[in-house]
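Undergrad: Sharing run35.cif below, mmCIF, N, CA, C and O atoms:
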data_data
loop_
_atom_site.label_atom_id
_atom_site.label_comp_id
_atom_site.auth_asym_id
_atom_site.auth_seq_id
_atom_site.Cartn_x
_atom_site.Cartn_y
_atom_site.Cartn_z
N MET A 1 0.82 -1.19 0.00
CA MET A 1 0.00 0.00 0.00
C MET A 1 0.87 1.26 0.00
O MET A 1 0.55 2.22 -0.64
N ARG A 2 1.98 1.20 0.74
CA ARG A 2 2.86 2.34 0.84
C ARG A 2 3.50 2.66 -0.52
O ARG A 2 3.65 3.82 -0.89
N GLN A 3 3.85 1.61 -1.31
CA GLN A 3 4.43 1.83 -2.64
C GLN A 3 3.42 2.49 -3.57
O GLN A 3 3.78 3.34 -4.37
N ALA A 4 2.17 2.10 -3.45
CA ALA A 4 1.14 2.70 -4.30
C ALA A 4 0.98 4.18 -4.00
O ALA A 4 0.81 5.00 -4.91
N SER A 5 1.04 4.56 -2.74
CA SER A 5 0.88 5.98 -2.40
C SER A 5 2.08 6.79 -2.89
O SER A 5 1.92 7.94 -3.31
N TRP A 6 3.29 6.21 -2.85
CA TRP A 6 4.45 6.90 -3.41
C TRP A 6 4.30 7.07 -4.92
O TRP A 6 4.65 8.10 -5.48
N GLY A 7 3.76 6.03 -5.58
CA GLY A 7 3.56 6.11 -7.03
C GLY A 7 2.58 7.21 -7.39
O GLY A 7 2.79 7.98 -8.33
N VAL A 8 1.51 7.32 -6.62
CA VAL A 8 0.52 8.38 -6.86
C VAL A 8 1.16 9.74 -6.60
O VAL A 8 0.93 10.71 -7.34
N ALA A 9 1.98 9.85 -5.56
CA ALA A 9 2.64 11.12 -5.25
C ALA A 9 3.56 11.55 -6.39
O ALA A 9 3.58 12.72 -6.78
N PHE A 10 4.34 10.61 -6.93
CA PHE A 10 5.23 10.94 -8.05
C PHE A 10 4.44 11.32 -9.29
O PHE A 10 4.82 12.23 -10.03
N LEU A 11 3.34 10.65 -9.53
CA LEU A 11 2.50 10.97 -10.69
C LEU A 11 1.95 12.37 -10.57
O LEU A 11 2.00 13.16 -11.51
N LEU A 12 1.41 12.71 -9.41
CA LEU A 12 0.86 14.05 -9.21
C LEU A 12 1.95 15.11 -9.31
O LEU A 12 1.74 16.18 -9.89
N ALA A 13 3.12 14.82 -8.76
CA ALA A 13 4.22 15.79 -8.85
C ALA A 13 4.62 16.00 -10.31
O ALA A 13 4.87 17.12 -10.74
N GLY A 14 4.65 14.93 -11.08
CA GLY A 14 4.99 15.06 -12.49
C GLY A 14 3.95 15.85 -13.26
O GLY A 14 4.28 16.65 -14.13
N LEU A 15 2.68 15.66 -12.92
CA LEU A 15 1.63 16.41 -13.60
C LEU A 15 1.67 17.88 -13.25
O LEU A 15 1.33 18.74 -14.06
N LEU A 16 2.07 18.20 -12.03
CA LEU A 16 2.11 19.59 -11.60
C LEU A 16 3.38 20.30 -12.05
O LEU A 16 3.35 21.46 -12.44
N VAL A 17 4.50 19.63 -12.01
CA VAL A 17 5.78 20.25 -12.32
C VAL A 17 6.07 20.21 -13.82
O VAL A 17 6.73 21.10 -14.35
N GLY A 18 5.58 19.21 -14.52
CA GLY A 18 5.86 19.05 -15.95
C GLY A 18 5.55 20.29 -16.77
O GLY A 18 6.41 20.80 -17.50
N PRO A 19 4.32 20.84 -16.67
CA PRO A 19 4.03 22.04 -17.46
C PRO A 19 4.88 23.24 -17.06
O PRO A 19 5.22 24.07 -17.89
N LEU A 20 5.26 23.35 -15.80
CA LEU A 20 6.10 24.46 -15.37
C LEU A 20 7.49 24.35 -15.95
O LEU A 20 8.10 25.35 -16.32
N ALA A 21 8.01 23.14 -16.03
CA ALA A 21 9.35 22.93 -16.57
C ALA A 21 9.38 23.12 -18.07
O ALA A 21 10.41 23.49 -18.64
N ALA A 22 8.25 22.87 -18.73
CA ALA A 22 8.21 23.00 -20.19
C ALA A 22 8.34 24.45 -20.62
O ALA A 22 8.92 24.75 -21.65
N GLY A 23 7.81 25.39 -19.85
CA GLY A 23 7.92 26.80 -20.17
C GLY A 23 6.98 27.21 -21.28
O GLY A 23 6.03 26.52 -21.63
N GLU A 24 7.25 28.35 -21.85
CA GLU A 24 6.43 28.91 -22.90
C GLU A 24 6.62 28.15 -24.20
O GLU A 24 7.73 27.72 -24.49
N PRO A 25 5.57 28.00 -25.00
CA PRO A 25 5.76 27.40 -26.32
C PRO A 25 6.67 28.28 -27.15
O PRO A 25 6.51 29.49 -27.19
N GLY A 26 7.65 27.67 -27.77
CA GLY A 26 8.58 28.40 -28.62
C GLY A 26 9.72 29.04 -27.84
O GLY A 26 10.55 29.71 -28.41
N ALA A 27 9.75 28.88 -26.52
CA ALA A 27 10.83 29.46 -25.73
C ALA A 27 12.14 28.75 -26.06
O ALA A 27 12.22 27.55 -26.03
N GLY A 28 13.14 29.52 -26.38
CA GLY A 28 14.43 28.94 -26.69
C GLY A 28 14.53 28.44 -28.11
O GLY A 28 15.59 28.11 -28.59
N GLY A 29 13.43 28.35 -28.80
CA GLY A 29 13.43 27.88 -30.18
C GLY A 29 12.84 28.93 -31.09
O GLY A 29 12.62 30.08 -30.72
N GLU A 30 12.53 28.53 -32.29
CA GLU A 30 11.97 29.44 -33.26
C GLU A 30 10.50 29.65 -32.96
O GLU A 30 9.75 28.73 -32.74
N SER A 31 10.05 30.88 -32.94
CA SER A 31 8.67 31.21 -32.62
C SER A 31 8.02 31.85 -33.82
O SER A 31 8.66 32.57 -34.59
N SER A 32 6.71 31.63 -33.99
CA SER A 32 6.02 32.22 -35.13
C SER A 32 5.50 33.61 -34.81
O SER A 32 4.98 34.29 -35.67
N THR A 33 5.61 34.06 -33.56
CA THR A 33 5.18 35.41 -33.21
C THR A 33 6.33 36.15 -32.57
O THR A 33 7.19 35.59 -31.92
N SER A 34 6.34 37.45 -32.76
CA SER A 34 7.38 38.26 -32.15
C SER A 34 6.98 38.59 -30.73
O SER A 34 5.90 38.25 -30.27
N SER A 35 7.84 39.32 -30.03
CA SER A 35 7.56 39.66 -28.64
C SER A 35 6.37 40.59 -28.53
O SER A 35 5.71 40.63 -27.50
N ALA A 36 6.04 41.34 -29.55
CA ALA A 36 4.89 42.25 -29.51
C ALA A 36 3.60 41.54 -29.88
O ALA A 36 2.54 42.15 -29.88
N GLY A 37 3.65 40.25 -30.22
CA GLY A 37 2.44 39.50 -30.54
C GLY A 37 2.07 39.51 -32.01
O GLY A 37 1.05 38.98 -32.39
N ARG A 38 2.88 40.14 -32.84
CA ARG A 38 2.58 40.16 -34.28
C ARG A 38 3.11 38.88 -34.92
O ARG A 38 4.11 38.33 -34.49
N SER A 39 2.44 38.43 -35.95
CA SER A 39 2.87 37.20 -36.62
C SER A 39 4.11 37.47 -37.47
O SER A 39 4.33 38.56 -37.95
N ASP A 40 4.89 36.43 -37.63
CA ASP A 40 6.12 36.49 -38.40
C ASP A 40 5.81 36.15 -39.85
O ASP A 40 5.39 35.03 -40.14
N PRO A 41 5.97 37.08 -40.78
CA PRO A 41 5.64 36.81 -42.18
C PRO A 41 6.45 35.65 -42.77
O PRO A 41 5.96 34.90 -43.60
N ALA A 42 7.68 35.48 -42.32
CA ALA A 42 8.51 34.38 -42.85
C ALA A 42 7.94 33.04 -42.41
O ALA A 42 7.92 32.08 -43.19
N ALA A 43 7.44 32.95 -41.18
CA ALA A 43 6.84 31.71 -40.70
C ALA A 43 5.55 31.42 -41.46
O ALA A 43 5.27 30.27 -41.81
N ALA A 44 4.77 32.45 -41.73
CA ALA A 44 3.54 32.27 -42.48
C ALA A 44 3.84 31.79 -43.90
O ALA A 44 3.15 30.91 -44.43
N GLU A 45 4.87 32.33 -44.51
CA GLU A 45 5.25 31.91 -45.87
C GLU A 45 5.74 30.47 -45.87
O GLU A 45 5.41 29.69 -46.76
N ARG A 46 6.53 30.07 -44.86
CA ARG A 46 6.97 28.68 -44.76
C ARG A 46 5.77 27.74 -44.61
O ARG A 46 5.73 26.67 -45.21
N GLY A 47 4.78 28.14 -43.84
CA GLY A 47 3.58 27.33 -43.68
C GLY A 47 2.80 27.22 -44.97
O GLY A 47 2.32 26.15 -45.34
N ARG A 48 2.66 28.34 -45.71
CA ARG A 48 1.95 28.30 -46.99
C ARG A 48 2.65 27.38 -47.97
O ARG A 48 2.01 26.55 -48.63
N ILE A 49 3.96 27.46 -48.03
CA ILE A 49 4.72 26.60 -48.94
C ILE A 49 4.57 25.14 -48.54
O ILE A 49 4.36 24.27 -49.39
N ALA A 50 4.65 24.85 -47.25
CA ALA A 50 4.53 23.47 -46.79
C ALA A 50 3.16 22.89 -47.12
O ALA A 50 3.05 21.72 -47.49
N LEU A 51 2.12 23.69 -47.01
CA LEU A 51 0.78 23.17 -47.25
C LEU A 51 0.41 23.09 -48.72
O LEU A 51 -0.42 22.28 -49.11
N THR A 52 0.98 23.95 -49.55
CA THR A 52 0.56 23.98 -50.95
C THR A 52 1.53 23.31 -51.91
O THR A 52 1.14 22.94 -53.01
N LEU A 53 2.78 23.15 -51.53
CA LEU A 53 3.76 22.59 -52.47
C LEU A 53 4.28 21.22 -52.06
O LEU A 53 5.08 20.64 -52.77
N ARG A 54 3.84 20.71 -50.95
CA ARG A 54 4.35 19.42 -50.48
C ARG A 54 3.21 18.42 -50.42
O ARG A 54 2.11 18.74 -49.99
N GLY A 55 3.46 17.20 -50.85
CA GLY A 55 2.46 16.14 -50.76
C GLY A 55 2.58 15.42 -49.43
O GLY A 55 3.66 14.97 -49.06
N PHE A 56 1.50 15.31 -48.70
CA PHE A 56 1.52 14.65 -47.40
C PHE A 56 1.03 13.21 -47.48
O PHE A 56 1.28 12.42 -46.58
N LEU A 57 0.29 12.87 -48.52
CA LEU A 57 -0.25 11.53 -48.66
C LEU A 57 0.23 10.93 -49.98
O LEU A 57 0.32 11.61 -50.99
N LYS A 58 0.47 9.65 -49.97
CA LYS A 58 0.82 8.96 -51.20
C LYS A 58 -0.46 8.77 -52.02
O LYS A 58 -1.54 8.62 -51.46
N PRO A 59 -0.35 8.74 -53.35
CA PRO A 59 -1.55 8.54 -54.17
C PRO A 59 -2.13 7.15 -53.95
O PRO A 59 -1.41 6.17 -53.78
N GLU A 60 -3.43 7.08 -53.94
CA GLU A 60 -4.12 5.80 -53.77
C GLU A 60 -4.16 5.01 -55.08
O GLU A 60 -4.29 3.81 -55.07
N TRP A 61 -4.12 5.70 -56.20
CA TRP A 61 -4.22 5.07 -57.52
C TRP A 61 -2.86 5.16 -58.20
O TRP A 61 -2.24 6.21 -58.23
N SER A 62 -2.44 4.08 -58.82
CA SER A 62 -1.24 4.14 -59.65
C SER A 62 -1.63 4.82 -60.96
O SER A 62 -2.81 4.92 -61.31
N ASP A 63 -0.64 5.27 -61.71
CA ASP A 63 -0.91 5.94 -62.98
C ASP A 63 -1.59 4.99 -63.96
O ASP A 63 -2.53 5.38 -64.67
N SER A 64 -1.17 3.73 -63.98
CA SER A 64 -1.80 2.77 -64.90
C SER A 64 -3.25 2.47 -64.49
O SER A 64 -4.11 2.32 -65.36
N ALA A 65 -3.53 2.40 -63.20
CA ALA A 65 -4.91 2.17 -62.75
C ALA A 65 -5.79 3.36 -63.12
O ALA A 65 -6.94 3.20 -63.55
N TYR A 66 -5.26 4.57 -62.97
CA TYR A 66 -6.00 5.78 -63.35
C TYR A 66 -6.35 5.74 -64.84
O TYR A 66 -7.47 6.08 -65.22
N ARG A 67 -5.42 5.30 -65.67
CA ARG A 67 -5.67 5.28 -67.11
C ARG A 67 -6.61 4.15 -67.54
O ARG A 67 -7.28 4.25 -68.54
N ARG A 68 -6.66 3.06 -66.78
CA ARG A 68 -7.48 1.91 -67.16
C ARG A 68 -8.88 1.89 -66.55
O ARG A 68 -9.72 1.11 -66.97
N VAL A 69 -9.15 2.71 -65.55
CA VAL A 69 -10.40 2.60 -64.81
C VAL A 69 -11.63 2.90 -65.67
O VAL A 69 -12.71 2.38 -65.42
N ALA A 70 -11.47 3.69 -66.72
CA ALA A 70 -12.61 4.04 -67.56
C ALA A 70 -13.20 2.81 -68.25
O ALA A 70 -14.36 2.83 -68.67
N ARG A 71 -12.45 1.74 -68.34
CA ARG A 71 -12.99 0.51 -68.94
C ARG A 71 -14.13 -0.07 -68.11
O ARG A 71 -14.94 -0.83 -68.62
N LEU A 72 -14.17 0.27 -66.84
CA LEU A 72 -15.21 -0.25 -65.94
C LEU A 72 -16.47 0.60 -65.94
O LEU A 72 -17.49 0.19 -65.39
N TRP A 73 -16.41 1.79 -66.53
CA TRP A 73 -17.57 2.68 -66.53
C TRP A 73 -18.60 2.20 -67.55
O TRP A 73 -18.27 1.60 -68.57
N ASP A 74 -19.85 2.51 -67.29
CA ASP A 74 -20.93 2.14 -68.21
C ASP A 74 -20.98 3.06 -69.43
O ASP A 74 -21.56 2.70 -70.45
N GLU A 75 -20.43 4.22 -69.33
CA GLU A 75 -20.47 5.21 -70.41
C GLU A 75 -19.10 5.31 -71.07
O GLU A 75 -18.08 5.01 -70.45
N PRO A 76 -19.04 5.73 -72.32
CA PRO A 76 -17.74 5.88 -72.98
C PRO A 76 -16.97 7.05 -72.35
O PRO A 76 -17.55 8.03 -71.90
N ALA A 77 -15.66 6.93 -72.34
CA ALA A 77 -14.80 7.97 -71.76
C ALA A 77 -13.74 8.35 -72.78
O ALA A 77 -13.37 7.55 -73.64
N PRO A 78 -13.23 9.58 -72.70
CA PRO A 78 -12.15 9.99 -73.60
C PRO A 78 -10.89 9.16 -73.36
O PRO A 78 -10.67 8.65 -72.27
N ASP A 79 -10.08 9.06 -74.39
CA ASP A 79 -8.80 8.35 -74.28
C ASP A 79 -7.83 9.19 -73.44
O ASP A 79 -7.59 10.36 -73.77
N PRO A 80 -7.26 8.65 -72.37
CA PRO A 80 -6.37 9.46 -71.53
C PRO A 80 -5.08 9.88 -72.22
O PRO A 80 -4.48 10.88 -71.83
N ASP A 81 -4.65 9.16 -73.26
CA ASP A 81 -3.43 9.54 -73.97
C ASP A 81 -3.69 10.61 -75.02
O ASP A 81 -2.86 11.48 -75.23
N ARG A 82 -4.84 10.57 -75.67
CA ARG A 82 -5.16 11.53 -76.73
C ARG A 82 -5.71 12.84 -76.16
O ARG A 82 -5.44 13.91 -76.72
N ASP A 83 -6.53 12.77 -75.13
CA ASP A 83 -7.16 13.97 -74.56
C ASP A 83 -7.11 13.89 -73.03
O ASP A 83 -8.12 13.62 -72.39
N PRO A 84 -5.93 14.15 -72.44
CA PRO A 84 -5.80 13.98 -70.99
C PRO A 84 -6.68 14.92 -70.17
O PRO A 84 -7.19 14.55 -69.12
N SER A 85 -6.92 16.16 -70.66
CA SER A 85 -7.75 17.08 -69.88
C SER A 85 -9.21 16.63 -69.88
O SER A 85 -9.90 16.73 -68.86
N ALA A 86 -9.71 16.12 -71.00
CA ALA A 86 -11.08 15.62 -71.05
C ALA A 86 -11.23 14.37 -70.20
O ALA A 86 -12.25 14.17 -69.52
N TYR A 87 -10.21 13.51 -70.20
CA TYR A 87 -10.25 12.31 -69.37
C TYR A 87 -10.23 12.69 -67.89
O TYR A 87 -10.97 12.13 -67.08
N ALA A 88 -9.39 13.67 -67.52
CA ALA A 88 -9.34 14.13 -66.12
C ALA A 88 -10.68 14.71 -65.70
O ALA A 88 -11.14 14.48 -64.58
N ALA A 89 -11.33 15.45 -66.60
CA ALA A 89 -12.64 16.02 -66.28
C ALA A 89 -13.68 14.92 -66.11
O ALA A 89 -14.52 14.96 -65.20
N ALA A 90 -13.66 13.91 -66.99
CA ALA A 90 -14.60 12.79 -66.87
C ALA A 90 -14.33 11.99 -65.59
O ALA A 90 -15.28 11.57 -64.91
N PHE A 91 -13.08 11.80 -65.24
CA PHE A 91 -12.71 11.09 -64.01
C PHE A 91 -13.21 11.86 -62.79
O PHE A 91 -13.81 11.28 -61.87
N ALA A 92 -12.99 13.17 -62.78
CA ALA A 92 -13.44 13.99 -61.65
C ALA A 92 -14.95 13.98 -61.54
O ALA A 92 -15.51 13.90 -60.43
N ARG A 93 -15.65 14.07 -62.67
CA ARG A 93 -17.11 14.05 -62.66
C ARG A 93 -17.62 12.70 -62.16
O ARG A 93 -18.53 12.63 -61.35
N ARG A 94 -17.00 11.63 -62.61
CA ARG A 94 -17.43 10.28 -62.23
C ARG A 94 -17.28 10.03 -60.72
O ARG A 94 -18.15 9.44 -60.09
N TYR A 95 -16.16 10.51 -60.14
CA TYR A 95 -15.87 10.22 -58.73
C TYR A 95 -16.15 11.41 -57.80
O TYR A 95 -15.82 11.35 -56.62
N GLY A 96 -16.76 12.47 -58.31
CA GLY A 96 -17.15 13.59 -57.47
C GLY A 96 -15.99 14.40 -56.93
O GLY A 96 -16.06 14.91 -55.81
N LEU A 97 -14.94 14.53 -57.71
CA LEU A 97 -13.77 15.31 -57.28
C LEU A 97 -13.92 16.76 -57.71
O LEU A 97 -14.49 17.05 -58.76
N HIS A 98 -13.40 17.65 -56.91
CA HIS A 98 -13.47 19.08 -57.20
C HIS A 98 -12.06 19.60 -57.46
O HIS A 98 -11.11 19.08 -56.89
N PRO A 99 -11.94 20.64 -58.27
CA PRO A 99 -10.60 21.19 -58.51
C PRO A 99 -10.03 21.80 -57.24
O PRO A 99 -10.76 22.35 -56.42
N ALA A 100 -8.72 21.72 -57.10
CA ALA A 100 -8.05 22.30 -55.93
C ALA A 100 -8.09 23.81 -56.04
O ALA A 100 -8.00 24.36 -57.13
N PRO A 101 -8.21 24.52 -54.92
CA PRO A 101 -8.23 25.99 -54.97
C PRO A 101 -6.83 26.60 -55.06
O PRO A 101 -6.64 27.75 -54.73
N PHE A 102 -5.86 25.81 -55.49
CA PHE A 102 -4.48 26.29 -55.63
C PHE A 102 -3.84 25.50 -56.76
O PHE A 102 -4.40 24.53 -57.24
N ALA A 103 -2.69 25.94 -57.20
CA ALA A 103 -1.96 25.22 -58.26
C ALA A 103 -1.67 23.82 -57.76
O ALA A 103 -1.10 23.63 -56.70
N ASN A 104 -2.11 22.81 -58.52
CA ASN A 104 -2.03 21.43 -58.04
C ASN A 104 -1.45 20.52 -59.11
O ASN A 104 -2.14 19.75 -59.73
N ASP A 105 -0.16 20.67 -59.34
CA ASP A 105 0.48 19.84 -60.35
C ASP A 105 0.73 18.46 -59.80
O ASP A 105 1.26 17.61 -60.37
#
Turn the structure described in the file into structure tokens.

TA:
Amino acid sequence: MRQASWGVAFLLAGLLVGPLAAGEPGAGGESSTSSAGRSDPAAAERGRIALTLRGFLKPEWSDSAYRRVARLWDEPAPDPDRDPSAYAAAFARRYGLHPAPFAND
């Protein structure tokens, strides 16, 4: 019983002291806000670049699967090699995809 009470005491001490030892977010490291509370334009630009120019997920479809899937549709589809933009539009219409609100190569 005595060991259990010591364990609870250490747990509570860790919960109370842990946040105090951690300090302010960004203390000692790079912060996205200045001391006056204004946002850092360089940090905002890095975030924009990371979100719009970097892929976070691997594609679910291989390129060959994307080109062959129209064979399974009930309606005729454009040839992906002859008219890639029309095929992409038919693919998006078929699967309910919307264009990205940013450059999406």

Undergrad: In Å, rounded to a single decimal, give me how far atom CA of Phe91 of chain A is from atom N of Val69 of chain A.

TA: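 Distance reported for this atom pair: 9.2 Å.
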
Undergrad: Run the PyMOL selection byres (((chain A and resi 77 and name CA) around 10) and name CA) on the file and write out the hits as an mmCIF file with N, CA, C and O atoms, in the frame of the given file.

TA:
data_model
loop_
_atom_site.group_PDB
_atom_site.id
_atom_site.type_symbol
_atom_site.label_atom_id
_atom_site.label_comp_id
_atom_site.auth_asym_id
_atom_site.auth_seq_id
_atom_site.Cartn_x
_atom_site.Cartn_y
_atom_site.Cartn_z
ATOM 1 N N VAL A 69 -9.150 2.710 -65.550
ATOM 2 C CA VAL A 69 -10.400 2.600 -64.810
ATOM 3 C C VAL A 69 -11.630 2.900 -65.670
ATOM 4 O O VAL A 69 -12.710 2.380 -65.420
ATOM 5 N N ALA A 70 -11.470 3.690 -66.720
ATOM 6 C CA ALA A 70 -12.610 4.040 -67.560
ATOM 7 C C ALA A 70 -13.200 2.810 -68.250
ATOM 8 O O ALA A 70 -14.360 2.830 -68.670
ATOM 9 N N ARG A 71 -12.450 1.740 -68.340
ATOM 10 C CA ARG A 71 -12.990 0.510 -68.940
ATOM 11 C C ARG A 71 -14.130 -0.070 -68.110
ATOM 12 O O ARG A 71 -14.940 -0.830 -68.620
ATOM 13 N N TRP A 73 -16.410 1.790 -66.530
ATOM 14 C CA TRP A 73 -17.570 2.680 -66.530
ATOM 15 C C TRP A 73 -18.600 2.200 -67.550
ATOM 16 O O TRP A 73 -18.270 1.600 -68.570
ATOM 17 N N ASP A 74 -19.850 2.510 -67.290
ATOM 18 C CA ASP A 74 -20.930 2.140 -68.210
ATOM 19 C C ASP A 74 -20.980 3.060 -69.430
ATOM 20 O O ASP A 74 -21.560 2.700 -70.450
ATOM 21 N N GLU A 75 -20.430 4.220 -69.330
ATOM 22 C CA GLU A 75 -20.470 5.210 -70.410
ATOM 23 C C GLU A 75 -19.100 5.310 -71.070
ATOM 24 O O GLU A 75 -18.080 5.010 -70.450
ATOM 25 N N PRO A 76 -19.040 5.730 -72.320
ATOM 26 C CA PRO A 76 -17.740 5.880 -72.980
ATOM 27 C C PRO A 76 -16.970 7.050 -72.350
ATOM 28 O O PRO A 76 -17.550 8.030 -71.900
ATOM 29 N N PRO A 78 -13.230 9.580 -72.700
ATOM 30 C CA PRO A 78 -12.150 9.990 -73.600
ATOM 31 C C PRO A 78 -10.890 9.160 -73.360
ATOM 32 O O PRO A 78 -10.670 8.650 -72.270
ATOM 33 N N ASP A 79 -10.080 9.060 -74.390
ATOM 34 C CA ASP A 79 -8.800 8.350 -74.280
ATOM 35 C C ASP A 79 -7.830 9.190 -73.440
ATOM 36 O O ASP A 79 -7.590 10.360 -73.770
ATOM 37 N N PRO A 80 -7.260 8.650 -72.370
ATOM 38 C CA PRO A 80 -6.370 9.460 -71.530
ATOM 39 C C PRO A 80 -5.080 9.880 -72.220
ATOM 40 O O PRO A 80 -4.480 10.880 -71.830
ATOM 41 N N ALA A 86 -9.710 16.120 -71.000
ATOM 42 C CA ALA A 86 -11.080 15.620 -71.050
ATOM 43 C C ALA A 86 -11.230 14.370 -70.200
ATOM 44 O O ALA A 86 -12.250 14.170 -69.520
ATOM 45 N N TYR A 87 -10.210 13.510 -70.200
ATOM 46 C CA TYR A 87 -10.250 12.310 -69.370
ATOM 47 C C TYR A 87 -10.230 12.690 -67.890
ATOM 48 O O TYR A 87 -10.970 12.130 -67.080
ATOM 49 N N ALA A 88 -9.390 13.670 -67.520
ATOM 50 C CA ALA A 88 -9.340 14.130 -66.120
ATOM 51 C C ALA A 88 -10.680 14.710 -65.700
ATOM 52 O O ALA A 88 -11.140 14.480 -64.580
ATOM 53 N N ALA A 89 -11.330 15.450 -66.600
ATOM 54 C CA ALA A 89 -12.640 16.020 -66.280
ATOM 55 C C ALA A 89 -13.680 14.920 -66.110
ATOM 56 O O ALA A 89 -14.520 14.960 -65.200
ATOM 57 N N ALA A 90 -13.660 13.910 -66.990
ATOM 58 C CA ALA A 90 -14.600 12.790 -66.870
ATOM 59 C C ALA A 90 -14.330 11.990 -65.590
ATOM 60 O O ALA A 90 -15.280 11.570 -64.910
ATOM 61 N N PHE A 91 -13.080 11.800 -65.240
ATOM 62 C CA PHE A 91 -12.710 11.090 -64.010
ATOM 63 C C PHE A 91 -13.210 11.860 -62.790
ATOM 64 O O PHE A 91 -13.810 11.280 -61.870
#

Undergrad: Would you mind reading off the distance between atom N of Asp83 of chain A and atom O of Tyr66 of chain A, one decimal, in Å?

TA: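 Atom O of Tyr66 of chain A lies 12.0 Å from atom N of Asp83 of chain A.
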
Undergrad: Distance atom N of Leu51 of chain A-atom C of Gly96 of chain A, one decimal place?

TA: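 Taking atom N of Leu51 of chain A as the start and atom C of Gly96 of chain A as the end point, the length is 22.6 Å.
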